[in-house]
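**Q** Next up is a structure, given as structure tokens.
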Amino acid sequence: MTDRTAVARGVALRLDQVRRVFDKRLVVIEQLDLHIDAGEFLAVLGPSGCGKSTLLRMIAGLAPPDGGRVIAEPDDSRIAFVFQDAHLLPWRTALDNAALPLELMGIDREERYARARAALGQAGLAEAESRYPAQLSGGMRMRVSLARALVTEPRLLLMDEPFAALDEITRFNLEVQLRELWQSQGMTVIFVTHSISEAAFLANRAVVLTRRKGRIKLDRRFDLPLHRTNELRSDPCLGREMQILMAAMEEE
Amino acid sequence: MKRILPPLVPFVVITALLEAMVRSGFVPGYLVPAPSAVFRALADNRSELATAMGRTSAAAFLGFALSTLAGIGTAVLLSTSRAIQRSFYPYAVFFQTVPIIAIAPLLVIWFGYGMQTVTASAFIVSIFPIIANTLTGLLSTDPALRDLFRLYGASAGVTLVKLRFPAALPQILTGLRVASGLAVIGAVVGEFIGGEGLGSVVDVARTQQRVDKVFAAVLLASVLGLALFGLISFISALTLRHWHASEQET
């Protein structure tokens with residue numbers, strides 16, 4: 001079973017002939033075409049410097065493409081971004097960090113705290129709402145970052161190697177949790193990672209970018225169960241998908 | 001007690017040592033007075049010194065407050081664009097490089113003899129570290145967090161108030177700590193030339209060869225500097241204790 005059963009409320013994305021150049025000379029992404037379905041969980045893999053993060057920033061509207069178009073359907077501004085490190089505001093409690101996007105969007109205090117509490121609860125941090133980031137573990141900080149992203153009920157969730165700095169057990173648990181959140185909320189997720197196992201475990205589809213000019217080397221839809229638990233990690237079907245990804249990565 | 005005791009111990013030891021050295025004749029009393037002589041001078045001239053201390057405190061505090069407001073405001077303005085920064089930052093450096101003792105006579109011409117000149121002197125000496133540190137802090141905001149604020153449509157003003165300013169607070173407070181001591185120095189130097197206060201007491205006592213009184217006035221100026229420094233440290237502890245390593249017990 002590879003298709004979603006829940007109704008997708010994410011955005012569909014179409015990248016047409018997208019190009020991005022640094023310093024007028026260095027072509028990071030050249031003429032990239034990529035279509036992403038609404039509610040899809042897409043992993044983006046590729047060697048360092050191939051333009052994965054640049055791609056995310058272009059989709060988020062933080063770095064406009066130098067050529068081509070990024071079209072979202074429906075055109076909804078509810079986009080959330082999760083960075084490689086948690087990047088919390090250290091002077092704010094977990095609750096205030098989770099509520100930040102709503103505060104910036106002008107939502108009144110009562111509503112934003114109620115929604116931030118709910119998001120922290122979803123991330124398993126209900127007990128830690130009054131703690132400051134310095135009082136939280138790395139995994140907890142990343143959960144707050146995830147809660148901050150989910151609090152706006154985004155239709156598009158962009159994640160740039162969010163679990164790269166975490167220990168393996170914490171990462172495994174967060175991956176399961178993220179997959180469950182995606183299933184329950186139905187947003188579109190684009191997940192940039194270096195980890196082949198992470199991409200195969202989390203996503204429904206993965207694209208591997210080439211080292212130069214950010215072209216698509218491999219576009220693979222996984223034949224894996226919809227509901228994923230840690231048991232899947234030792235399943236041969238996951239191993240097969242990983243081998244396919246690894247072969248594409250090794251050629252790069 | 002844990003904070004007070006460590007600096008108190010060397011103070012007591014050095015004071016006792018100096019007393020012994022002067023009493024034994026190892027150090028001549030007309031060059032360096034015995035601590036007991038300094039304390040006697042403090043007691044004998046308490047009325048004059050208290051008035052002087054009050055004047056210096058007022059000028060130093062006012063100069064420091066003005067340089068805090070103007071320094072932070074200037075840094076915010078400079079941080080808004082690289083072009084503004086390149087155009088005006090060299091003039092901010094000017095305040096750092098011009099020796100105050102050289103321009104103090106000009107201040108007397110411009111502001112007249114008294115509090116205004118002394119305040120201006122404290123202001124000029126103390127503003128640069130505030131501008132430099134605040135600017136560094138404002139320009140060092142985490143780019144990922146700037147992106148996050150952009151993503152949620154925050155205006156430049158909101159980003160300044162909710163992100164860039166609080167993120168710069170540790171550097172701003174470092175600048176204020178440095179500036180607090182400099183404000184007292186600026187006030188005392190200003191009083192040498194154009195005002196009344198501890199600086200003028202030092203100047204007059206020097207001409208009278210009253211080394212004990214010079215030391216007494218210097219001691220009070222140091223106490224004033226420490227008090228301002230302590231005030232900033234208190235504010236720093238209050239605002240940073242939950243989140244910045246500089247204010248957390250290891």
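Going by the structure tokens order, chains are called A, B, ..., each with residues numbered from 1, while ligands are numbered from 1 in the order shown.
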Per residue of chain A within 10 Å of chain B, note the shortest atom pair and the distance in Å to one decimal, counting only C-alpha atoms, and order the rows by chain and increasing residue number, as a Markdown table.
**A**
| residue | atom | partner | partner_atom | distance |
| --- | --- | --- | --- | --- |
| A:Arg57 | CA | B:Asp147 | CA | 9.1 |
| A:Ala60 | CA | B:Leu151 | CA | 7.4 |
| A:Gly61 | CA | B:Leu151 | CA | 7.8 |
| A:Leu62 | CA | B:Asp147 | CA | 6.8 |
| A:Ala63 | CA | B:Asp147 | CA | 9.8 |
| A:Ser77 | CA | B:Tyr152 | CA | 8.7 |
| A:Arg78 | CA | B:Tyr152 | CA | 8.5 |
| A:Ile79 | CA | B:Leu151 | CA | 7.5 |
| A:Ala80 | CA | B:Leu151 | CA | 7.7 |
| A:Phe81 | CA | B:Leu148 | CA | 7.3 |
| A:Val82 | CA | B:Leu148 | CA | 9.0 |
| A:Phe83 | CA | B:Ala144 | CA | 7.3 |
| A:Gln84 | CA | B:Ala144 | CA | 9.4 |
| A:Asp85 | CA | B:Ala144 | CA | 9.3 |
| A:Ala86 | CA | B:Ala144 | CA | 9.8 |
| A:His87 | CA | B:Leu145 | CA | 6.6 |
| A:Leu88 | CA | B:Leu145 | CA | 7.9 |
| A:Leu89 | CA | B:Leu163 | CA | 7.9 |
| A:Pro90 | CA | B:Trp243 | CA | 5.4 |
| A:Trp91 | CA | B:Trp243 | CA | 5.4 |
| A:Arg92 | CA | B:Trp243 | CA | 8.3 |
| A:Thr93 | CA | B:His242 | CA | 9.3 |
| A:Leu100 | CA | B:Phe149 | CA | 9.1 |
| A:Pro101 | CA | B:Tyr152 | CA | 6.1 |
| A:Leu102 | CA | B:Tyr152 | CA | 8.4 |
| A:Glu103 | CA | B:Tyr152 | CA | 9.3 |
| A:Leu104 | CA | B:Ala154 | CA | 5.8 |
| A:Met105 | CA | B:Tyr152 | CA | 6.4 |
| A:Gly106 | CA | B:Ala154 | CA | 9.6 |
| A:Arg131 | CA | B:His242 | CA | 9.1 |
| A:Tyr132 | CA | B:His242 | CA | 6.8 |
| A:Pro133 | CA | B:Trp243 | CA | 7.4 |
| A:Ala134 | CA | B:Trp243 | CA | 6.0 |
| A:Gln135 | CA | B:Trp243 | CA | 8.6 |
| A:Ala149 | CA | B:Leu148 | CA | 9.9 |
| A:Thr152 | CA | B:Tyr152 | CA | 9.8 |
**Q** With N, CA and C atoms retained, write the just-selected residues as a short mmCIF file (atom, residue, chain, number, x, y, z; two decimals), in the first residue's frame.
**A**
data_model
loop_
_atom_site.label_atom_id
_atom_site.label_comp_id
_atom_site.auth_asym_id
_atom_site.auth_seq_id
_atom_site.Cartn_x
_atom_site.Cartn_y
_atom_site.Cartn_z
N ARG A 57 14.82 26.49 -0.24
CA ARG A 57 14.69 27.94 -0.06
C ARG A 57 13.91 28.58 -1.22
N ALA A 60 10.29 27.76 -0.67
CA ALA A 60 9.75 28.56 0.45
C ALA A 60 9.58 30.03 0.07
N GLY A 61 10.19 30.43 -1.04
CA GLY A 61 10.11 31.85 -1.44
C GLY A 61 11.18 32.68 -0.76
N LEU A 62 12.15 32.03 -0.11
CA LEU A 62 13.21 32.77 0.58
C LEU A 62 14.34 33.15 -0.39
N ALA A 63 14.43 32.46 -1.50
CA ALA A 63 15.44 32.77 -2.52
C ALA A 63 14.77 32.58 -3.88
N SER A 77 -0.15 30.38 1.51
CA SER A 77 1.09 30.86 2.14
C SER A 77 1.44 30.08 3.41
N ARG A 78 0.59 29.10 3.76
CA ARG A 78 0.91 28.37 4.99
C ARG A 78 2.05 27.37 4.75
N ILE A 79 3.25 27.91 4.80
CA ILE A 79 4.46 27.10 4.61
C ILE A 79 5.22 27.10 5.93
N ALA A 80 5.76 25.96 6.29
CA ALA A 80 6.60 25.90 7.49
C ALA A 80 7.95 25.32 7.11
N PHE A 81 8.97 25.76 7.84
CA PHE A 81 10.34 25.37 7.52
C PHE A 81 10.99 24.84 8.80
N VAL A 82 11.58 23.66 8.70
CA VAL A 82 12.34 23.14 9.85
C VAL A 82 13.79 23.04 9.41
N PHE A 83 14.67 23.66 10.20
CA PHE A 83 16.07 23.75 9.81
C PHE A 83 16.88 22.57 10.37
N GLN A 84 18.15 22.55 9.98
CA GLN A 84 19.03 21.45 10.39
C GLN A 84 19.17 21.40 11.91
N ASP A 85 19.37 22.56 12.53
CA ASP A 85 19.34 22.61 13.99
C ASP A 85 18.00 23.21 14.39
N ALA A 86 17.68 23.11 15.66
CA ALA A 86 16.34 23.53 16.09
C ALA A 86 16.11 25.03 15.84
N HIS A 87 17.17 25.84 16.00
CA HIS A 87 17.07 27.29 15.80
C HIS A 87 15.87 27.88 16.55
N LEU A 88 15.86 27.66 17.85
CA LEU A 88 14.82 28.26 18.70
C LEU A 88 15.31 29.61 19.20
N LEU A 89 14.40 30.44 19.66
CA LEU A 89 14.80 31.69 20.29
C LEU A 89 15.14 31.35 21.75
N PRO A 90 16.41 31.45 22.13
CA PRO A 90 16.82 30.94 23.44
C PRO A 90 16.20 31.71 24.62
N TRP A 91 15.74 32.94 24.36
CA TRP A 91 15.17 33.74 25.45
C TRP A 91 13.68 33.47 25.64
N ARG A 92 13.13 32.55 24.88
CA ARG A 92 11.71 32.23 25.00
C ARG A 92 11.54 30.80 25.48
N THR A 93 10.47 30.57 26.22
CA THR A 93 10.17 29.22 26.67
C THR A 93 9.72 28.37 25.46
N LEU A 100 5.42 31.28 18.33
CA LEU A 100 6.01 32.40 17.56
C LEU A 100 5.38 32.64 16.18
N PRO A 101 5.22 31.61 15.34
CA PRO A 101 4.64 31.89 14.02
C PRO A 101 3.25 32.54 14.11
N LEU A 102 2.45 32.08 15.08
CA LEU A 102 1.10 32.64 15.23
C LEU A 102 1.18 34.09 15.70
N GLU A 103 2.15 34.36 16.58
CA GLU A 103 2.36 35.73 17.06
C GLU A 103 2.74 36.64 15.88
N LEU A 104 3.62 36.15 15.02
CA LEU A 104 4.03 36.96 13.87
C LEU A 104 2.89 37.14 12.87
N MET A 105 1.97 36.19 12.89
CA MET A 105 0.83 36.30 11.96
C MET A 105 -0.31 37.12 12.57
N GLY A 106 -0.12 37.59 13.81
CA GLY A 106 -1.09 38.48 14.43
C GLY A 106 -2.26 37.77 15.10
N ARG A 131 9.82 25.40 29.93
CA ARG A 131 11.28 25.32 29.96
C ARG A 131 11.90 26.12 28.82
N TYR A 132 13.11 26.61 29.09
CA TYR A 132 13.85 27.34 28.06
C TYR A 132 14.67 26.34 27.23
N PRO A 133 15.01 26.70 25.98
CA PRO A 133 15.77 25.77 25.14
C PRO A 133 17.03 25.22 25.82
N ALA A 134 17.71 26.07 26.61
CA ALA A 134 18.94 25.61 27.27
C ALA A 134 18.65 24.49 28.28
N GLN A 135 17.39 24.37 28.69
CA GLN A 135 17.03 23.33 29.67
C GLN A 135 16.48 22.07 28.98
N ALA A 149 6.70 24.46 13.73
CA ALA A 149 6.36 24.36 12.30
C ALA A 149 4.90 23.92 12.12
N THR A 152 0.98 26.24 12.74
CA THR A 152 0.18 27.02 11.78
C THR A 152 -0.65 26.10 10.89
#
**Q** Quick one: residues within 7 Å of segment 184-188 of chain B, only C-alpha atoms, excluding same-chain residues fewer than 3 positions away - as a PDB file with C-alpha atoms, in the first residue's frame?
**A**
ATOM      1  CA  THR B  56      30.423  63.290  39.286  1.00  0.00           C
ATOM      2  CA  ALA B  59      27.282  63.755  35.162  1.00  0.00           C
ATOM      3  CA  ALA B  60      28.605  60.202  34.648  1.00  0.00           C
ATOM      4  CA  VAL B 118      31.340  67.082  32.110  1.00  0.00           C
ATOM      5  CA  THR B 119      28.289  65.186  30.825  1.00  0.00           C
ATOM      6  CA  SER B 121      32.845  64.390  28.102  1.00  0.00           C
ATOM      7  CA  ALA B 122      31.323  61.260  29.712  1.00  0.00           C
ATOM      8  CA  VAL B 125      34.135  58.650  25.895  1.00  0.00           C
ATOM      9  CA  SER B 180      29.966  52.309  32.312  1.00  0.00           C
ATOM     10  CA  GLY B 181      33.586  52.516  33.440  1.00  0.00           C
ATOM     11  CA  GLU B 191      35.992  67.911  35.609  1.00  0.00           C
ATOM     12  CA  PHE B 192      39.764  68.415  35.367  1.00  0.00           C
ATOM     13  CA  LEU B 198      35.874  64.332  41.980  1.00  0.00           C
ATOM     14  CA  GLY B 199      38.062  65.368  39.010  1.00  0.00           C
ATOM     15  CA  ALA B 221      35.577  57.461  41.442  1.00  0.00           C
ATOM     16  CA  GLY B 225      32.569  52.986  38.302  1.00  0.00           C
TER      17      GLY B 225
END
**Q** Which residues are near Glu73 of chain A? Cut-off 7 Å, only C-alpha atoms, ignore same chain within fewer than 5 positions. Put them as a list of chain:residue names.
**A**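 Counting only the stated atoms, we get A:Val11, A:Ala12, A:Leu13.
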**Q** Enter the distance from atom CA of Arg115 of chain A to atom CA of Leu146 of chain A, in Å, rounded to one decimal.
**A** 13.5 Å
**Q** Any idea what's packed within 9 Å of Met242 of chain A, counting only C-alpha atoms, ignoring anything in its chain fewer than 2 positions away? Could you give it as number ranges by chain?
**A** A: 196-197, 199-201, 237-240, 244-247
**Q** Taking N, CA and C atoms for each residue, export the selection above as a CSV table (one decimal), in the first residue's frame.
**A**
chain,number,residue,atom,x,y,z
A,196,ILE,N,20.3,7.9,3.4
A,196,ILE,CA,19.5,7.0,2.5
A,196,ILE,C,18.5,6.3,3.3
A,197,SER,N,18.8,5.8,4.5
A,197,SER,CA,17.9,5.0,5.3
A,197,SER,C,16.7,5.9,5.8
A,199,ALA,N,15.6,8.6,4.3
A,199,ALA,CA,14.8,8.9,3.1
A,199,ALA,C,13.8,7.8,2.8
A,200,ALA,N,14.4,6.6,2.8
A,200,ALA,CA,13.5,5.4,2.5
A,200,ALA,C,12.5,5.1,3.5
A,201,PHE,N,12.9,5.3,4.8
A,201,PHE,CA,11.9,5.0,5.9
A,201,PHE,C,10.8,6.1,5.9
A,237,CYS,N,12.2,-5.3,2.4
A,237,CYS,CA,11.7,-4.4,1.4
A,237,CYS,C,12.3,-3.0,1.5
A,238,LEU,N,12.5,-2.5,2.8
A,238,LEU,CA,13.2,-1.2,3.0
A,238,LEU,C,14.6,-1.3,2.5
A,239,GLY,N,15.3,-2.4,2.7
A,239,GLY,CA,16.6,-2.6,2.3
A,239,GLY,C,16.8,-2.5,0.8
A,240,ARG,N,15.8,-3.1,0.1
A,240,ARG,CA,15.8,-3.0,-1.4
A,240,ARG,C,15.7,-1.6,-1.9
A,244,ILE,N,18.5,0.7,-4.1
A,244,ILE,CA,18.3,1.5,-5.3
A,244,ILE,C,18.8,3.0,-5.1
A,245,LEU,N,18.5,3.5,-4.0
A,245,LEU,CA,18.9,4.9,-3.7
A,245,LEU,C,20.4,5.0,-3.6
A,246,MET,N,21.0,4.0,-3.0
A,246,MET,CA,22.5,4.0,-2.8
A,246,MET,C,23.2,3.9,-4.1
A,247,ALA,N,22.6,3.0,-5.0
A,247,ALA,CA,23.3,2.9,-6.3
A,247,ALA,C,23.3,4.2,-7.0
**Q** I need the residue nearest Leu120 of chain A from this list: A:Asn97, A:Thr170, A:Ser137, A:Thr229. Use only C-alpha atoms for the distance.
**A**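 Ranked by minimum distance to Leu120 of chain A, first place goes to A:Asn97.
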**Q** With distances taken over only C-alpha atoms, which of A:Leu218, A:Ala248, A:Leu45, A:Leu34 is nearest to Glu198 of chain A?
**A**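 Closest candidate: A:Leu45.
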**Q** Skipping near chain neighbours, those fewer than 3 positions away, what residues fall within 9 Å of Val44 of chain A using only C-alpha atoms, listed as number ranges by chain?
**A** A: 52, 190-194, 199, 205-209
**Q** Just asking: which residues within segment 7-121 of chain B are alpha helix (DSSP H) according to DSSP, as a JSON list (two decimals) with C-alpha atoms, in the first residue's frame?
**A**
[["chain", "number", "residue", "atom", "x", "y", "z"],
["B", 7, "PRO", "CA", 37.20, 40.16, 45.13],
["B", 8, "LEU", "CA", 37.08, 41.19, 48.82],
["B", 9, "VAL", "CA", 39.92, 38.89, 49.84],
["B", 10, "PRO", "CA", 42.61, 40.44, 47.54],
["B", 11, "PHE", "CA", 41.37, 43.94, 48.53],
["B", 12, "VAL", "CA", 41.89, 43.23, 52.22],
["B", 13, "VAL", "CA", 45.25, 41.53, 51.62],
["B", 14, "ILE", "CA", 46.61, 44.32, 49.37],
["B", 15, "THR", "CA", 45.34, 47.04, 51.75],
["B", 16, "ALA", "CA", 47.03, 45.35, 54.73],
["B", 17, "LEU", "CA", 50.23, 44.84, 52.77],
["B", 18, "LEU", "CA", 50.33, 48.46, 51.61],
["B", 19, "GLU", "CA", 49.68, 49.70, 55.16],
["B", 20, "ALA", "CA", 52.57, 47.61, 56.44],
["B", 21, "MET", "CA", 54.89, 48.76, 53.64],
["B", 22, "VAL", "CA", 54.19, 52.46, 54.23],
["B", 23, "ARG", "CA", 54.39, 52.19, 58.04],
["B", 35, "PRO", "CA", 45.37, 53.13, 53.37],
["B", 36, "SER", "CA", 44.64, 54.43, 56.89],
["B", 37, "ALA", "CA", 45.63, 57.94, 55.72],
["B", 38, "VAL", "CA", 43.30, 57.62, 52.73],
["B", 39, "PHE", "CA", 40.42, 56.58, 54.99],
["B", 40, "ARG", "CA", 41.25, 59.50, 57.31],
["B", 41, "ALA", "CA", 41.18, 61.87, 54.32],
["B", 42, "LEU", "CA", 37.81, 60.40, 53.37],
["B", 43, "ALA", "CA", 36.47, 61.06, 56.87],
["B", 44, "ASP", "CA", 38.00, 64.53, 57.27],
["B", 46, "ARG", "CA", 33.49, 63.83, 53.83],
["B", 47, "SER", "CA", 31.28, 66.83, 53.12],
["B", 48, "GLU", "CA", 33.41, 68.13, 50.24],
["B", 49, "LEU", "CA", 33.92, 64.62, 48.81],
["B", 50, "ALA", "CA", 30.23, 63.71, 49.12],
["B", 51, "THR", "CA", 29.25, 66.83, 47.16],
["B", 52, "ALA", "CA", 31.92, 66.08, 44.55],
["B", 53, "MET", "CA", 30.83, 62.46, 44.35],
["B", 54, "GLY", "CA", 27.21, 63.54, 43.84],
["B", 55, "ARG", "CA", 28.20, 65.86, 40.98],
["B", 56, "THR", "CA", 30.42, 63.29, 39.29],
["B", 57, "SER", "CA", 27.76, 60.61, 39.71],
["B", 58, "ALA", "CA", 25.09, 62.80, 38.15],
["B", 59, "ALA", "CA", 27.28, 63.75, 35.16],
["B", 60, "ALA", "CA", 28.61, 60.20, 34.65],
["B", 61, "PHE", "CA", 25.16, 58.67, 34.94],
["B", 62, "LEU", "CA", 23.57, 61.24, 32.63],
["B", 63, "GLY", "CA", 26.42, 60.91, 30.08],
["B", 64, "PHE", "CA", 26.14, 57.12, 30.27],
["B", 65, "ALA", "CA", 22.35, 57.19, 29.86],
["B", 66, "LEU", "CA", 22.63, 59.51, 26.85],
["B", 67, "SER", "CA", 25.37, 57.42, 25.26],
["B", 68, "THR", "CA", 23.25, 54.29, 25.83],
["B", 69, "LEU", "CA", 20.27, 55.81, 24.05],
["B", 70, "ALA", "CA", 22.30, 57.45, 21.28],
["B", 71, "GLY", "CA", 24.67, 54.47, 20.92],
["B", 72, "ILE", "CA", 21.91, 51.89, 20.56],
["B", 73, "GLY", "CA", 19.91, 54.18, 18.28],
["B", 74, "THR", "CA", 22.96, 54.83, 16.08],
["B", 75, "ALA", "CA", 23.76, 51.11, 15.89],
["B", 76, "VAL", "CA", 20.16, 50.30, 14.89],
["B", 77, "LEU", "CA", 20.38, 52.93, 12.16],
["B", 78, "LEU", "CA", 23.77, 51.69, 10.96],
["B", 79, "SER", "CA", 22.51, 48.11, 10.88],
["B", 82, "ARG", "CA", 25.53, 48.42, 4.42],
["B", 83, "ALA", "CA", 25.61, 51.77, 2.58],
["B", 84, "ILE", "CA", 24.63, 53.72, 5.72],
["B", 85, "GLN", "CA", 27.15, 51.68, 7.69],
["B", 86, "ARG", "CA", 30.00, 52.46, 5.27],
["B", 87, "SER", "CA", 29.06, 56.16, 5.21],
["B", 88, "PHE", "CA", 28.71, 56.82, 8.91],
["B", 89, "TYR", "CA", 30.63, 54.16, 10.88],
["B", 90, "PRO", "CA", 33.99, 55.97, 10.40],
["B", 91, "TYR", "CA", 32.48, 58.96, 12.22],
["B", 92, "ALA", "CA", 31.49, 56.73, 15.10],
["B", 93, "VAL", "CA", 35.10, 55.52, 15.24],
["B", 94, "PHE", "CA", 36.11, 59.20, 15.49],
["B", 95, "PHE", "CA", 34.66, 59.31, 19.01],
["B", 96, "GLN", "CA", 36.92, 56.44, 19.96],
["B", 97, "THR", "CA", 40.13, 57.79, 18.47],
["B", 100, "ILE", "CA", 39.12, 63.40, 25.24],
["B", 101, "ILE", "CA", 41.76, 65.45, 27.04],
["B", 102, "ALA", "CA", 42.52, 67.17, 23.70],
["B", 103, "ILE", "CA", 38.95, 68.18, 22.98],
["B", 104, "ALA", "CA", 37.85, 68.91, 26.55],
["B", 105, "PRO", "CA", 38.86, 72.62, 26.23],
["B", 106, "LEU", "CA", 36.60, 72.81, 23.18],
["B", 107, "LEU", "CA", 33.74, 71.39, 25.22],
["B", 108, "VAL", "CA", 34.22, 74.22, 27.74],
["B", 109, "ILE", "CA", 34.01, 76.74, 24.88],
["B", 110, "TRP", "CA", 30.87, 75.09, 23.50],
["B", 111, "PHE", "CA", 29.01, 74.22, 26.70],
["B", 115, "MET", "CA", 27.72, 69.98, 34.37],
["B", 116, "GLN", "CA", 27.04, 70.15, 30.61],
["B", 117, "THR", "CA", 30.72, 69.94, 29.69],
["B", 118, "VAL", "CA", 31.34, 67.08, 32.11],
["B", 119, "THR", "CA", 28.29, 65.19, 30.83],
["B", 120, "ALA", "CA", 29.41, 65.73, 27.22],
["B", 121, "SER", "CA", 32.84, 64.39, 28.10]]
**Q** Give me the residues near Leu238 of chain B as a list of chain:residue names, where near means some atom within 12 Å (using only C-alpha atoms) and where sequence neighbours in that chain fewer than 4 positions away do not count.
**A**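 The residues satisfying every condition are A:Trp91, B:Leu169, B:Pro170, B:Leu173, B:Leu231, B:Ile232, B:Ser233, B:Phe234, B:His242, B:Trp243, B:His244, B:Ser246, B:Glu247, B:Gln248.
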**Q** Would you write out those residues with C-alpha atoms, as an mmCIF file, in the first residue's frame?
**A**
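part12.cif, freshly written:
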data_model
loop_
_atom_site.group_PDB
_atom_site.id
_atom_site.type_symbol
_atom_site.label_atom_id
_atom_site.label_comp_id
_atom_site.auth_asym_id
_atom_site.auth_seq_id
_atom_site.Cartn_x
_atom_site.Cartn_y
_atom_site.Cartn_z
ATOM 1 C CA TRP A 91 15.169 33.737 25.454
ATOM 2 C CA LEU B 169 21.351 41.696 24.081
ATOM 3 C CA PRO B 170 24.468 39.838 25.340
ATOM 4 C CA LEU B 173 25.278 44.462 27.703
ATOM 5 C CA LEU B 231 24.076 47.909 37.907
ATOM 6 C CA ILE B 232 24.703 46.659 34.360
ATOM 7 C CA SER B 233 25.771 43.249 35.665
ATOM 8 C CA PHE B 234 22.542 43.064 37.684
ATOM 9 C CA HIS B 242 17.590 31.722 31.588
ATOM 10 C CA TRP B 243 19.265 31.540 28.244
ATOM 11 C CA HIS B 244 22.785 32.853 27.929
ATOM 12 C CA SER B 246 27.510 34.072 30.392
ATOM 13 C CA GLU B 247 24.894 34.286 33.179
ATOM 14 C CA GLN B 248 24.489 30.607 33.946
#
**Q** Expressed in Å to a single decimal, how great is the separation between atom CA of Val70 of chain A and atom CA of Met58 of chain A?
**A**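 Result for atom CA of Val70 of chain A versus atom CA of Met58 of chain A: 7.8 Å, one decimal.
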**Q** Considering only C-alpha atoms, can you say which of A:Glu161, A:Glu127, A:Glu231, A:Asp219 comes closest to Leu56 of chain A?
**A**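 Of all the options, A:Glu161 lies closest to Leu56 of chain A.
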**Q** Find the residues around Ala168 of chain B up to 9 Å (only C-alpha atoms counted), leave out those fewer than 3 positions away in its own chain, and share them as a VMD selection string.
**A** chain B and resid 133 to 141 163 to 165 171 to 173
**Q** Could you jot down the atom CA of Arg109 of chain A to atom CA of Gly124 of chain A separation for me, Å, one decimal place?
**A**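 Rounded to one decimal, the two atoms are 22.1 Å apart.
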**Q** How would you write, as a PyMOL selection string, the set of residues in segment 83-173 of chain A that DSSP gives as strand (DSSP E)?
**A** chain A and resi 156-160
**Q** Write the residues of the selection above to a file with N, CA and C atoms, as a JSON list (two decimals), in the first residue's frame.
**A**
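Output file result_11.json follows:
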[["chain", "number", "residue", "atom", "x", "y", "z"],
["A", 156, "LEU", "N", 2.32, 23.04, 3.48],
["A", 156, "LEU", "CA", 3.59, 22.60, 2.92],
["A", 156, "LEU", "C", 4.65, 22.66, 4.03],
["A", 157, "LEU", "N", 5.27, 21.53, 4.33],
["A", 157, "LEU", "CA", 6.29, 21.48, 5.37],
["A", 157, "LEU", "C", 7.64, 21.18, 4.71],
["A", 158, "LEU", "N", 8.57, 22.12, 4.85],
["A", 158, "LEU", "CA", 9.90, 21.97, 4.25],
["A", 158, "LEU", "C", 10.89, 21.66, 5.36],
["A", 159, "MET", "N", 11.67, 20.60, 5.20],
["A", 159, "MET", "CA", 12.58, 20.20, 6.27],
["A", 159, "MET", "C", 13.98, 20.00, 5.70],
["A", 160, "ASP", "N", 14.93, 20.72, 6.28],
["A", 160, "ASP", "CA", 16.31, 20.69, 5.77],
["A", 160, "ASP", "C", 17.21, 19.92, 6.74]]
